[in-house]
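Heads up, input.cif below (mmCIF, C-alpha atoms):
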```cif
data_start
loop_
_atom_site.group_PDB
_atom_site.id
_atom_site.type_symbol
_atom_site.label_atom_id
_atom_site.label_comp_id
_atom_site.auth_asym_id
_atom_site.auth_seq_id
_atom_site.Cartn_x
_atom_site.Cartn_y
_atom_site.Cartn_z
ATOM 1 C CA GLN A 30 35.229 -27.484 -8.742
ATOM 2 C CA GLN A 31 32.848 -26.381 -6.001
ATOM 3 C CA ILE A 32 32.681 -22.678 -5.287
ATOM 4 C CA SER A 33 31.427 -21.740 -1.864
ATOM 5 C CA GLY A 34 29.313 -18.688 -1.176
ATOM 6 C CA THR A 35 25.773 -17.461 -0.972
ATOM 7 C CA LEU A 36 23.536 -17.707 -4.001
ATOM 8 C CA VAL A 37 21.875 -14.397 -4.803
ATOM 9 C CA ALA A 38 18.554 -14.623 -6.617
ATOM 10 C CA ASP A 39 17.916 -12.430 -9.635
ATOM 11 C CA PRO A 40 15.598 -9.535 -8.828
ATOM 12 C CA PRO A 41 12.018 -9.920 -10.053
ATOM 13 C CA VAL A 42 11.186 -8.566 -13.493
ATOM 14 C CA ALA A 43 9.290 -5.389 -12.679
ATOM 15 C CA ALA A 44 6.896 -5.652 -15.626
ATOM 16 C CA ASP A 45 5.624 -8.981 -14.263
ATOM 17 C CA VAL A 46 4.815 -7.694 -10.776
ATOM 18 C CA PHE A 47 4.479 -3.893 -10.922
ATOM 19 C CA SER A 48 3.232 -1.548 -13.626
ATOM 20 C CA THR A 49 2.275 2.054 -14.236
ATOM 21 C CA ILE A 50 -0.618 2.403 -16.683
ATOM 22 C CA LEU A 51 -1.935 5.578 -18.327
ATOM 23 C CA TRP A 52 -5.216 5.884 -20.243
ATOM 24 C CA ASN A 53 -7.684 8.377 -21.656
ATOM 25 C CA GLY A 54 -11.309 7.956 -20.649
ATOM 26 C CA ASN A 55 -13.968 7.091 -23.239
ATOM 27 C CA GLU A 56 -17.116 6.677 -21.086
ATOM 28 C CA THR A 57 -17.495 3.110 -22.372
ATOM 29 C CA ALA A 58 -17.257 0.030 -20.171
ATOM 30 C CA ARG A 59 -13.782 -1.357 -20.689
ATOM 31 C CA SER A 60 -10.931 -3.466 -19.313
ATOM 32 C CA ILE A 61 -7.553 -1.948 -18.464
ATOM 33 C CA ALA A 62 -4.702 -4.437 -18.891
ATOM 34 C CA VAL A 63 -1.733 -4.094 -16.540
ATOM 35 C CA GLY A 64 0.263 -7.184 -17.557
ATOM 36 C CA PHE A 65 -0.749 -9.449 -14.657
ATOM 37 C CA GLY A 66 -3.460 -9.963 -12.065
ATOM 38 C CA PRO A 67 -2.873 -7.147 -9.557
ATOM 39 C CA GLY A 68 -3.510 -7.425 -5.837
ATOM 40 C CA LEU A 69 -3.442 -3.673 -5.250
ATOM 41 C CA VAL A 70 -4.558 -0.980 -7.702
ATOM 42 C CA TRP A 71 -3.901 2.686 -6.888
ATOM 43 C CA LEU A 72 -5.748 5.099 -9.218
ATOM 44 C CA LYS A 73 -5.498 8.848 -9.809
ATOM 45 C CA ASN A 74 -6.824 11.299 -12.344
ATOM 46 C CA THR A 75 -3.835 13.417 -13.358
ATOM 47 C CA ASN A 76 -5.622 16.720 -13.914
ATOM 48 C CA ASN A 77 -8.963 16.539 -12.042
ATOM 49 C CA PHE A 78 -11.219 17.497 -14.909
ATOM 50 C CA GLY A 79 -14.930 17.020 -15.520
ATOM 51 C CA ASN A 80 -16.737 14.498 -13.323
ATOM 52 C CA SER A 81 -13.614 12.603 -12.256
ATOM 53 C CA THR A 82 -12.698 12.012 -8.657
ATOM 54 C CA PHE A 83 -9.947 14.222 -7.268
ATOM 55 C CA SER A 84 -8.723 11.630 -4.802
ATOM 56 C CA ASN A 85 -6.089 8.911 -4.820
ATOM 57 C CA SER A 86 -8.203 5.733 -4.804
ATOM 58 C CA LEU A 87 -7.041 2.304 -3.631
ATOM 59 C CA PHE A 88 -8.701 -1.008 -4.465
ATOM 60 C CA ASP A 89 -7.390 -4.463 -3.581
ATOM 61 C CA THR A 90 -8.295 -8.142 -3.704
ATOM 62 C CA SER A 91 -8.256 -8.565 0.079
ATOM 63 C CA ARG A 92 -11.396 -6.459 0.485
ATOM 64 C CA SER A 93 -14.838 -6.628 -1.140
ATOM 65 C CA SER A 94 -14.748 -5.870 -4.848
ATOM 66 C CA GLY A 95 -15.258 -2.209 -5.660
ATOM 67 C CA TYR A 96 -14.632 -0.907 -2.145
ATOM 68 C CA ARG A 97 -12.382 2.141 -2.154
ATOM 69 C CA LEU A 98 -9.942 3.637 0.310
ATOM 70 C CA ILE A 99 -8.802 7.234 -0.240
ATOM 71 C CA SER A 100 -5.171 7.909 0.639
ATOM 72 C CA ASP A 101 -5.643 11.685 0.915
ATOM 73 C CA SER A 102 -8.491 11.342 3.430
ATOM 74 C CA ASN A 103 -9.152 9.591 6.726
ATOM 75 C CA ALA A 104 -12.579 8.450 5.479
ATOM 76 C CA ALA A 105 -13.794 4.906 6.051
ATOM 77 C CA GLN A 106 -13.854 2.611 3.033
ATOM 78 C CA GLY A 107 -16.869 3.020 0.776
ATOM 79 C CA ASN A 108 -18.642 1.044 -1.922
ATOM 80 C CA TYR A 109 -17.469 2.513 -5.229
ATOM 81 C CA SER A 110 -18.497 -0.388 -7.452
ATOM 82 C CA THR A 111 -20.588 1.859 -9.717
ATOM 83 C CA ASN A 112 -17.301 3.517 -10.741
ATOM 84 C CA PHE A 113 -14.850 0.592 -10.501
ATOM 85 C CA SER A 114 -16.093 -2.821 -11.629
ATOM 86 C CA GLY A 115 -13.337 -4.872 -10.015
ATOM 87 C CA ILE A 116 -9.882 -6.401 -10.362
ATOM 88 C CA SER A 117 -9.352 -9.197 -12.892
ATOM 89 C CA SER A 118 -6.667 -11.743 -13.785
ATOM 90 C CA THR A 119 -5.198 -9.301 -16.322
ATOM 91 C CA GLY A 120 -5.902 -5.898 -14.784
ATOM 92 C CA PHE A 121 -9.130 -4.188 -13.777
ATOM 93 C CA ASN A 122 -12.504 -3.269 -15.233
ATOM 94 C CA LEU A 123 -14.175 0.115 -15.520
ATOM 95 C CA PRO A 124 -17.842 0.873 -16.223
ATOM 96 C CA SER A 125 -19.010 3.786 -18.356
ATOM 97 C CA SER A 126 -19.024 6.024 -15.271
ATOM 98 C CA GLN A 127 -17.095 9.256 -15.735
ATOM 99 C CA VAL A 128 -15.182 8.995 -12.439
ATOM 100 C CA PHE A 129 -12.264 6.962 -13.856
ATOM 101 C CA ASN A 130 -13.365 7.014 -17.487
ATOM 102 C CA ASP A 131 -14.393 10.566 -18.447
ATOM 103 C CA SER A 132 -13.934 11.367 -22.132
ATOM 104 C CA GLY A 133 -14.095 15.149 -21.651
ATOM 105 C CA GLY A 134 -11.081 17.420 -21.492
ATOM 106 C CA SER A 135 -7.540 16.261 -22.137
ATOM 107 C CA GLY A 136 -6.937 14.401 -18.880
ATOM 108 C CA ILE A 137 -5.050 11.197 -18.466
ATOM 109 C CA TYR A 138 -5.700 8.675 -15.729
ATOM 110 C CA ALA A 139 -2.920 6.754 -14.029
ATOM 111 C CA SER A 140 -2.850 3.503 -12.086
ATOM 112 C CA TRP A 141 -0.027 1.906 -10.150
ATOM 113 C CA ASN A 142 -0.444 -1.831 -9.812
ATOM 114 C CA TRP A 143 1.212 -4.399 -7.547
ATOM 115 C CA LYS A 144 1.029 -8.163 -7.790
ATOM 116 C CA ALA A 145 0.450 -9.738 -4.399
ATOM 117 C CA GLY A 146 0.194 -13.424 -3.494
ATOM 118 C CA GLY A 147 -3.224 -14.317 -4.835
ATOM 119 C CA THR A 148 -6.182 -15.292 -2.680
ATOM 120 C CA PRO A 149 -5.587 -14.256 0.957
ATOM 121 C CA VAL A 150 -4.938 -17.106 3.366
ATOM 122 C CA GLN A 151 -5.157 -17.365 7.135
ATOM 123 C CA ASN A 152 -1.924 -16.554 8.953
ATOM 124 C CA ASN A 153 -1.075 -17.955 12.387
ATOM 125 C CA ASP A 154 2.284 -16.283 13.042
ATOM 126 C CA GLY A 155 0.906 -13.645 15.433
ATOM 127 C CA THR A 156 -1.439 -13.445 18.382
ATOM 128 C CA ILE A 157 -4.072 -12.054 15.988
ATOM 129 C CA ASN A 158 -4.394 -15.079 13.765
ATOM 130 C CA GLY A 159 -6.558 -17.533 11.873
ATOM 131 C CA ALA A 160 -9.666 -15.985 10.353
ATOM 132 C CA ASN A 161 -8.735 -12.703 12.064
ATOM 133 C CA CYS A 162 -5.575 -12.363 9.944
ATOM 134 C CA LEU A 163 -5.792 -12.881 6.183
ATOM 135 C CA VAL A 164 -2.589 -12.389 4.178
ATOM 136 C CA SER A 165 -1.749 -12.215 0.495
ATOM 137 C CA ALA A 166 2.044 -12.151 0.272
ATOM 138 C CA ASN A 167 4.469 -12.058 -2.637
ATOM 139 C CA VAL A 168 7.738 -12.994 -0.949
ATOM 140 C CA THR A 169 9.767 -12.571 -4.147
ATOM 141 C CA THR A 170 8.798 -8.922 -4.575
ATOM 142 C CA GLY A 171 8.558 -8.090 -0.871
ATOM 143 C CA PHE A 172 4.917 -6.995 -0.926
ATOM 144 C CA SER A 173 2.006 -8.221 1.150
ATOM 145 C CA MET A 174 -1.508 -7.158 2.040
ATOM 146 C CA VAL A 175 -2.738 -7.972 5.536
ATOM 147 C CA LYS A 176 -6.378 -7.707 6.589
ATOM 148 C CA TYR A 177 -6.707 -8.156 10.328
ATOM 149 C CA ILE A 178 -9.214 -7.609 13.112
ATOM 150 C CA GLY A 179 -7.874 -5.544 16.010
ATOM 151 C CA ASN A 180 -8.187 -6.467 19.678
ATOM 152 C CA TYR A 181 -7.031 -3.288 21.460
ATOM 153 C CA THR A 182 -4.323 -5.261 23.264
ATOM 154 C CA ALA A 183 -0.850 -3.854 23.842
ATOM 155 C CA GLY A 184 1.707 -6.266 22.429
ATOM 156 C CA ALA A 185 -0.638 -7.872 19.910
ATOM 157 C CA THR A 186 1.234 -9.266 16.909
ATOM 158 C CA VAL A 187 0.120 -9.758 13.305
ATOM 159 C CA GLY A 188 1.753 -11.972 10.680
ATOM 160 C CA HIS A 189 2.716 -10.278 7.412
ATOM 161 C CA GLY A 190 3.934 -13.228 5.328
ATOM 162 C CA LEU A 191 7.074 -11.630 3.871
ATOM 163 C CA GLU A 192 9.660 -13.950 5.466
ATOM 164 C CA GLY A 193 11.725 -10.852 6.214
ATOM 165 C CA ALA A 194 11.106 -7.720 8.261
ATOM 166 C CA PRO A 195 9.120 -5.116 6.287
ATOM 167 C CA ASP A 196 10.721 -1.720 5.678
ATOM 168 C CA LEU A 197 7.442 0.081 5.045
ATOM 169 C CA ILE A 198 3.945 -0.564 6.406
ATOM 170 C CA ILE A 199 0.957 1.618 5.592
ATOM 171 C CA PHE A 200 -1.958 1.056 7.974
ATOM 172 C CA LYS A 201 -5.613 1.997 7.480
ATOM 173 C CA PRO A 202 -8.684 0.926 9.486
ATOM 174 C CA LEU A 203 -11.625 0.211 7.193
ATOM 175 C CA THR A 204 -14.154 1.715 9.619
ATOM 176 C CA PRO A 205 -14.799 4.150 11.214
ATOM 177 C CA ALA A 206 -13.067 7.238 9.784
ATOM 178 C CA SER A 207 -9.476 7.089 10.991
ATOM 179 C CA GLY A 208 -6.101 8.204 9.669
ATOM 180 C CA TRP A 209 -3.437 6.409 7.666
ATOM 181 C CA LYS A 210 -0.265 5.586 9.640
ATOM 182 C CA ILE A 211 3.165 4.905 8.127
ATOM 183 C CA TYR A 212 5.918 2.781 9.651
ATOM 184 C CA CYS A 213 9.363 2.960 8.047
ATOM 185 C CA SER A 214 12.446 1.062 9.123
ATOM 186 C CA GLN A 215 14.597 4.060 8.147
ATOM 187 C CA PHE A 216 13.052 6.554 10.564
ATOM 188 C CA PRO A 217 15.522 7.647 13.284
ATOM 189 C CA SER A 218 13.597 5.646 15.934
ATOM 190 C CA PRO A 219 11.299 3.437 13.869
ATOM 191 C CA ASN A 220 9.865 1.453 16.779
ATOM 192 C CA VAL A 221 8.220 4.592 18.197
ATOM 193 C CA GLN A 222 7.767 6.954 15.199
ATOM 194 C CA ILE A 223 5.055 7.344 12.558
ATOM 195 C CA LEU A 224 4.024 9.589 9.697
ATOM 196 C CA GLU A 225 0.479 10.332 8.587
ATOM 197 C CA LEU A 226 -0.097 9.572 4.911
ATOM 198 C CA TYR A 227 -3.106 11.810 4.378
ATOM 199 C CA ASP A 228 -1.890 15.107 5.815
ATOM 200 C CA SER A 229 1.247 17.256 5.981
ATOM 201 C CA GLY A 230 2.143 16.495 9.595
ATOM 202 C CA ILE A 231 5.747 15.938 10.616
ATOM 203 C CA LEU A 232 7.280 12.746 11.976
ATOM 204 C CA GLN A 233 5.622 11.981 15.307
ATOM 205 C CA THR A 234 6.720 9.946 18.306
ATOM 206 C CA TYR A 235 4.117 7.607 19.805
ATOM 207 C CA PRO A 236 5.716 4.690 21.692
ATOM 208 C CA GLY A 237 2.382 2.921 22.022
ATOM 209 C CA TYR A 238 1.474 2.488 18.373
ATOM 210 C CA PHE A 239 3.892 -0.398 17.792
ATOM 211 C CA ASN A 240 4.292 -1.251 21.474
ATOM 212 C CA SER A 241 7.848 0.147 21.019
ATOM 213 C CA THR A 242 8.679 -3.013 19.066
ATOM 214 C CA LEU A 243 10.222 -3.390 15.613
ATOM 215 C CA PRO A 244 8.698 -5.799 13.081
ATOM 216 C CA THR A 245 10.341 -9.199 12.739
ATOM 217 C CA ALA A 246 10.635 -11.534 9.771
ATOM 218 C CA ASP A 247 7.216 -12.906 10.717
ATOM 219 C CA VAL A 248 5.107 -10.280 12.520
ATOM 220 C CA PHE A 249 4.573 -6.625 13.307
ATOM 221 C CA SER A 250 3.485 -5.448 16.743
ATOM 222 C CA LEU A 251 0.610 -3.217 17.817
ATOM 223 C CA GLY A 252 -0.247 -1.256 20.915
ATOM 224 C CA ALA A 253 -3.612 -0.503 22.485
ATOM 225 C CA TYR A 254 -4.487 2.318 20.063
ATOM 226 C CA ASN A 255 -7.710 2.662 18.086
ATOM 227 C CA ASP A 256 -5.948 4.010 14.997
ATOM 228 C CA MET A 257 -4.448 0.614 14.187
ATOM 229 C CA ASN A 258 -5.825 -1.808 16.756
ATOM 230 C CA ARG A 259 -9.427 -0.870 17.509
ATOM 231 C CA ASN A 260 -11.240 -3.785 19.142
ATOM 232 C CA ASN A 261 -13.262 -5.946 16.716
ATOM 233 C CA THR A 262 -12.485 -3.572 13.838
ATOM 234 C CA THR A 263 -10.939 -4.606 10.520
ATOM 235 C CA ALA A 264 -7.842 -2.807 9.269
ATOM 236 C CA MET A 265 -5.493 -3.112 6.313
ATOM 237 C CA ALA A 266 -1.707 -3.166 6.459
ATOM 238 C CA TYR A 267 0.128 -2.827 3.134
ATOM 239 C CA CYS A 268 3.683 -4.091 3.701
ATOM 240 C CA TRP A 269 6.830 -3.732 1.619
ATOM 241 C CA ARG A 270 10.453 -4.713 2.117
ATOM 242 C CA SER A 271 13.382 -3.605 -0.019
ATOM 243 C CA ILE A 272 14.465 -6.154 -2.633
ATOM 244 C CA SER A 273 17.890 -5.565 -4.158
ATOM 245 C CA GLY A 274 17.621 -4.566 -7.810
ATOM 246 C CA TYR A 275 13.841 -4.144 -7.644
ATOM 247 C CA SER A 276 12.742 -1.853 -4.803
ATOM 248 C CA LYS A 277 14.307 0.406 -2.226
ATOM 249 C CA ILE A 278 12.751 2.086 0.806
ATOM 250 C CA GLY A 279 14.704 4.736 2.654
ATOM 251 C CA THR A 280 15.085 8.326 3.760
ATOM 252 C CA TYR A 281 17.253 11.234 2.621
ATOM 253 C CA ASN A 282 18.200 14.709 3.752
ATOM 254 C CA GLY A 283 17.282 17.657 1.560
ATOM 255 C CA THR A 284 20.026 20.035 0.436
ATOM 256 C CA SER A 285 18.108 22.658 -1.607
ATOM 257 C CA ALA A 286 20.488 21.734 -4.434
ATOM 258 C CA ALA A 287 19.692 20.166 -7.792
ATOM 259 C CA SER A 288 22.559 17.688 -7.418
ATOM 260 C CA ASN A 289 21.098 15.789 -4.438
ATOM 261 C CA PHE A 290 21.300 12.385 -6.128
ATOM 262 C CA GLN A 291 19.810 9.363 -4.352
ATOM 263 C CA GLU A 292 21.177 5.959 -5.361
ATOM 264 C CA THR A 293 18.634 3.131 -5.729
ATOM 265 C CA GLY A 294 20.685 0.576 -7.629
ATOM 266 C CA PHE A 295 18.166 0.423 -10.492
ATOM 267 C CA GLN A 296 15.950 2.681 -12.607
ATOM 268 C CA PRO A 297 12.719 3.220 -10.650
ATOM 269 C CA SER A 298 9.316 2.883 -12.273
ATOM 270 C CA TRP A 299 7.536 4.593 -9.366
ATOM 271 C CA ILE A 300 8.732 7.007 -6.703
ATOM 272 C CA MET A 301 6.707 8.112 -3.688
ATOM 273 C CA VAL A 302 8.065 10.867 -1.454
ATOM 274 C CA THR A 303 6.579 12.196 1.770
ATOM 275 C CA CYS A 304 8.170 14.621 4.164
#
```
Go ahead and render the structure in this file as structure tokens.
Amino acid sequence: QQISGTLVADPPVAADVFSTILWNGNETARSIAVGFGPGLVWLKNTNNFGNSTFSNSLFDTSRSSGYRLISDSNAAQGNYSTNFSGISSTGFNLPSSQVFNDSGGSGIYASWNWKAGGTPVQNNDGTINGANCLVSANVTTGFSMVKYIGNYTAGATVGHGLEGAPDLIIFKPLTPASGWKIYCSQFPSPNVQILELYDSGILQTYPGYFNSTLPTADVFSLGAYNDMNRNNTTAMAYCWRSISGYSKIGTYNGTSAASNFQETGFQPSWIMVTC
């Protein structure tokens, strides 16, 4: 008997594609295993002791090894290879430097790790394409990293590789110093609204940032704005889309009550909230 209907794929096994890792520093060069070869590693010291960095630090395989972006600052990327030796096929490597590996105090370091799509490849879906758009996409988990070179053209489009419209995009130019911008499909008017990641600003309306255009299954759109589309300047776009049973991106209204339960459909391993 043939049963008609749509086949629904099992959600990805989180441990194979995302992990949260905690460790104590020992000031000895070491490898930190995360369970897979991550594309993006987000690091944070949990109590800011000793000689450790206070900042949220992002490293990824789309950029030069050891180059750091700081999510709580608008600073340009910087070479941090003396403190972070690089991403490997099983995790990442730390030198004896105290920044992410300090043995003093009782602090614990944390890293959140995402598996992307391996070596970035040229993408030709948008008007910014070829060598100007390098994408590492994991379609199964709904995560991609896009490194693109802006052209300061309203209506420019950039391929993201997800084969479905992203629900969350976090943008950051690599140089010069410039802020982080957040797109979310669940904002009231997502084609014209952004949040800043690195400060406490409220939701802002800027029709030009995305050229008033929603992302599609293939591309996101940019306006003639230096923050995300500075001419001849490289930027990163970290893209996620909700995958049933694995990830969920959304908004909620606060109630000042302890019973404000938010349904995700699964037990989350990582929650990020900004307001």
Can you work out the spacing between CA of Ser273 in chain A and CA of Gln215 in chain A in Å, to one decimal?
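It comes out at 16.0 Å.
For Trp209 in chain A, the list of residues within 6 Å, based on all atoms listed in the file and with local chain neighbours fewer than 4 positions off taken out, reads A:Phe200, A:Lys201, A:Glu225, A:Leu226.
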Carefully work through the PyMOL selection byres ((chain A and resi 235-238) around 6) for this structure and note down the residues it includes, as a VMD selection string.
chain A and resid 221 to 222 234 239 to 241 251 to 252
Computed interatomic separation between CA of Thr293 in chain A and CA of Ile199 in chain A (Å):
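Here the two named atoms are 21.0 Å from each other.
Evaluated against the shown file, the PyMOL selection byres ((chain A and resi 281) around 12) gives Gln215, Phe216, Pro217, Ile278, Gly279, Thr280, Asn282, Gly283, Thr284, Asn289, Phe290, Gln291, Glu292, Thr293, Val302, Thr303 and Cys304 of chain A.
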For CA of Trp143 in chain A and CA of Asp196 in chain A, the interatomic separation in Å (one decimal)
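CA of Asp196 in chain A lies at a distance of 16.5 Å from CA of Trp143 in chain A.
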Please produce, as a Markdown table, a per-residue contact table for range 38-85 of chain A versus range 165-178 of chain A (criterion: any atom at most 9 Å away, only C-alpha atoms considered), showing the nearest atom pair and its distance in Å to one decimal, sorted by chain then residue number.
```
| residue | atom | partner | partner_atom | distance |
| --- | --- | --- | --- | --- |
| A:Pro40 | CA | A:Thr170 | CA | 8.0 |
| A:Pro41 | CA | A:Thr170 | CA | 6.4 |
| A:Ala43 | CA | A:Thr170 | CA | 8.9 |
| A:Val46 | CA | A:Thr170 | CA | 7.5 |
| A:Gly68 | CA | A:Met174 | CA | 8.1 |
| A:Leu69 | CA | A:Met174 | CA | 8.3 |
```
Excluding range 122-136 of chain A and residues on its chain fewer than 5 positions from it, collect all residues at most 8 Å away from it, counting all atoms listed in the file, and give them as JSON, numbers by chain.
{"A": [53, 54, 55, 56, 57, 58, 59, 60, 61, 74, 75, 76, 77, 78, 79, 80, 81, 82, 111, 112, 113, 114, 115, 116, 117]}
Given all atoms listed in the file as the basis, pick out the residue of A:Asn161, A:Asn255, A:Ser100, A:Thr119 nearest to Thr182 in chain A.
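Closest residue, counting all atoms listed in the file: A:Asn255.
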Which residue of A:Val187, A:Ala266, A:Asp89, A:Phe83 approaches Gly159 in chain A most closely, using only C-alpha atoms
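Of all the options, A:Val187 lies closest to Gly159 in chain A.
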Spatial neighbours of Asn153 in chain A, 12 Å, all atoms listed in the file, chain gap at least 6 places, as a ChimeraX atom specification
/A:159-164,177,186-190,247-248
Evaluate the PyMOL selection byres ((chain A and resi 227) around 10) and record the selected residues as an MDAnalysis selection string, following the chain and residue labels used in the document.
chainID A and resid 99:103 208:210 224:226 228:230
Given the choices A:Phe88, A:Phe121, A:Tyr212, A:Tyr96, which gets closest to Phe65 in chain A if the distance is worked out from all atoms listed in the file?
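Residue with the minimum atom-to-atom distance to Phe65 in chain A: A:Phe121.
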Determine the nearest neighbour of Thr263 in chain A from the options A:Gly193, A:Gln106, A:Ala246, A:Ser288, counting only C-alpha atoms.
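Using only C-alpha atoms, the shortest distance to Thr263 in chain A belongs to A:Gln106.
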Proximity to Val42 in chain A - best of A:Ile223, A:Lys144, A:Val70, A:Arg259, all atoms listed in the file:
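Closest candidate: A:Lys144.
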Can you tell me which residues surround Pro297 in chain A at a distance of at most 12 Å, considering all atoms listed in the file, apart from same-chain residues fewer than 2 positions away, and format the answer as an MDAnalysis selection string?
chainID A and resid 43:44 47:49 274:278 291:295 299:301
Those residues with C-alpha atoms, as a CSV table (one decimal), in the coordinates of the input please?
```csv
chain,number,residue,atom,x,y,z
A,43,ALA,CA,9.3,-5.4,-12.7
A,44,ALA,CA,6.9,-5.7,-15.6
A,47,PHE,CA,4.5,-3.9,-10.9
A,48,SER,CA,3.2,-1.5,-13.6
A,49,THR,CA,2.3,2.1,-14.2
A,274,GLY,CA,17.6,-4.6,-7.8
A,275,TYR,CA,13.8,-4.1,-7.6
A,276,SER,CA,12.7,-1.9,-4.8
A,277,LYS,CA,14.3,0.4,-2.2
A,278,ILE,CA,12.8,2.1,0.8
A,291,GLN,CA,19.8,9.4,-4.4
A,292,GLU,CA,21.2,6.0,-5.4
A,293,THR,CA,18.6,3.1,-5.7
A,294,GLY,CA,20.7,0.6,-7.6
A,295,PHE,CA,18.2,0.4,-10.5
A,299,TRP,CA,7.5,4.6,-9.4
A,300,ILE,CA,8.7,7.0,-6.7
A,301,MET,CA,6.7,8.1,-3.7
```
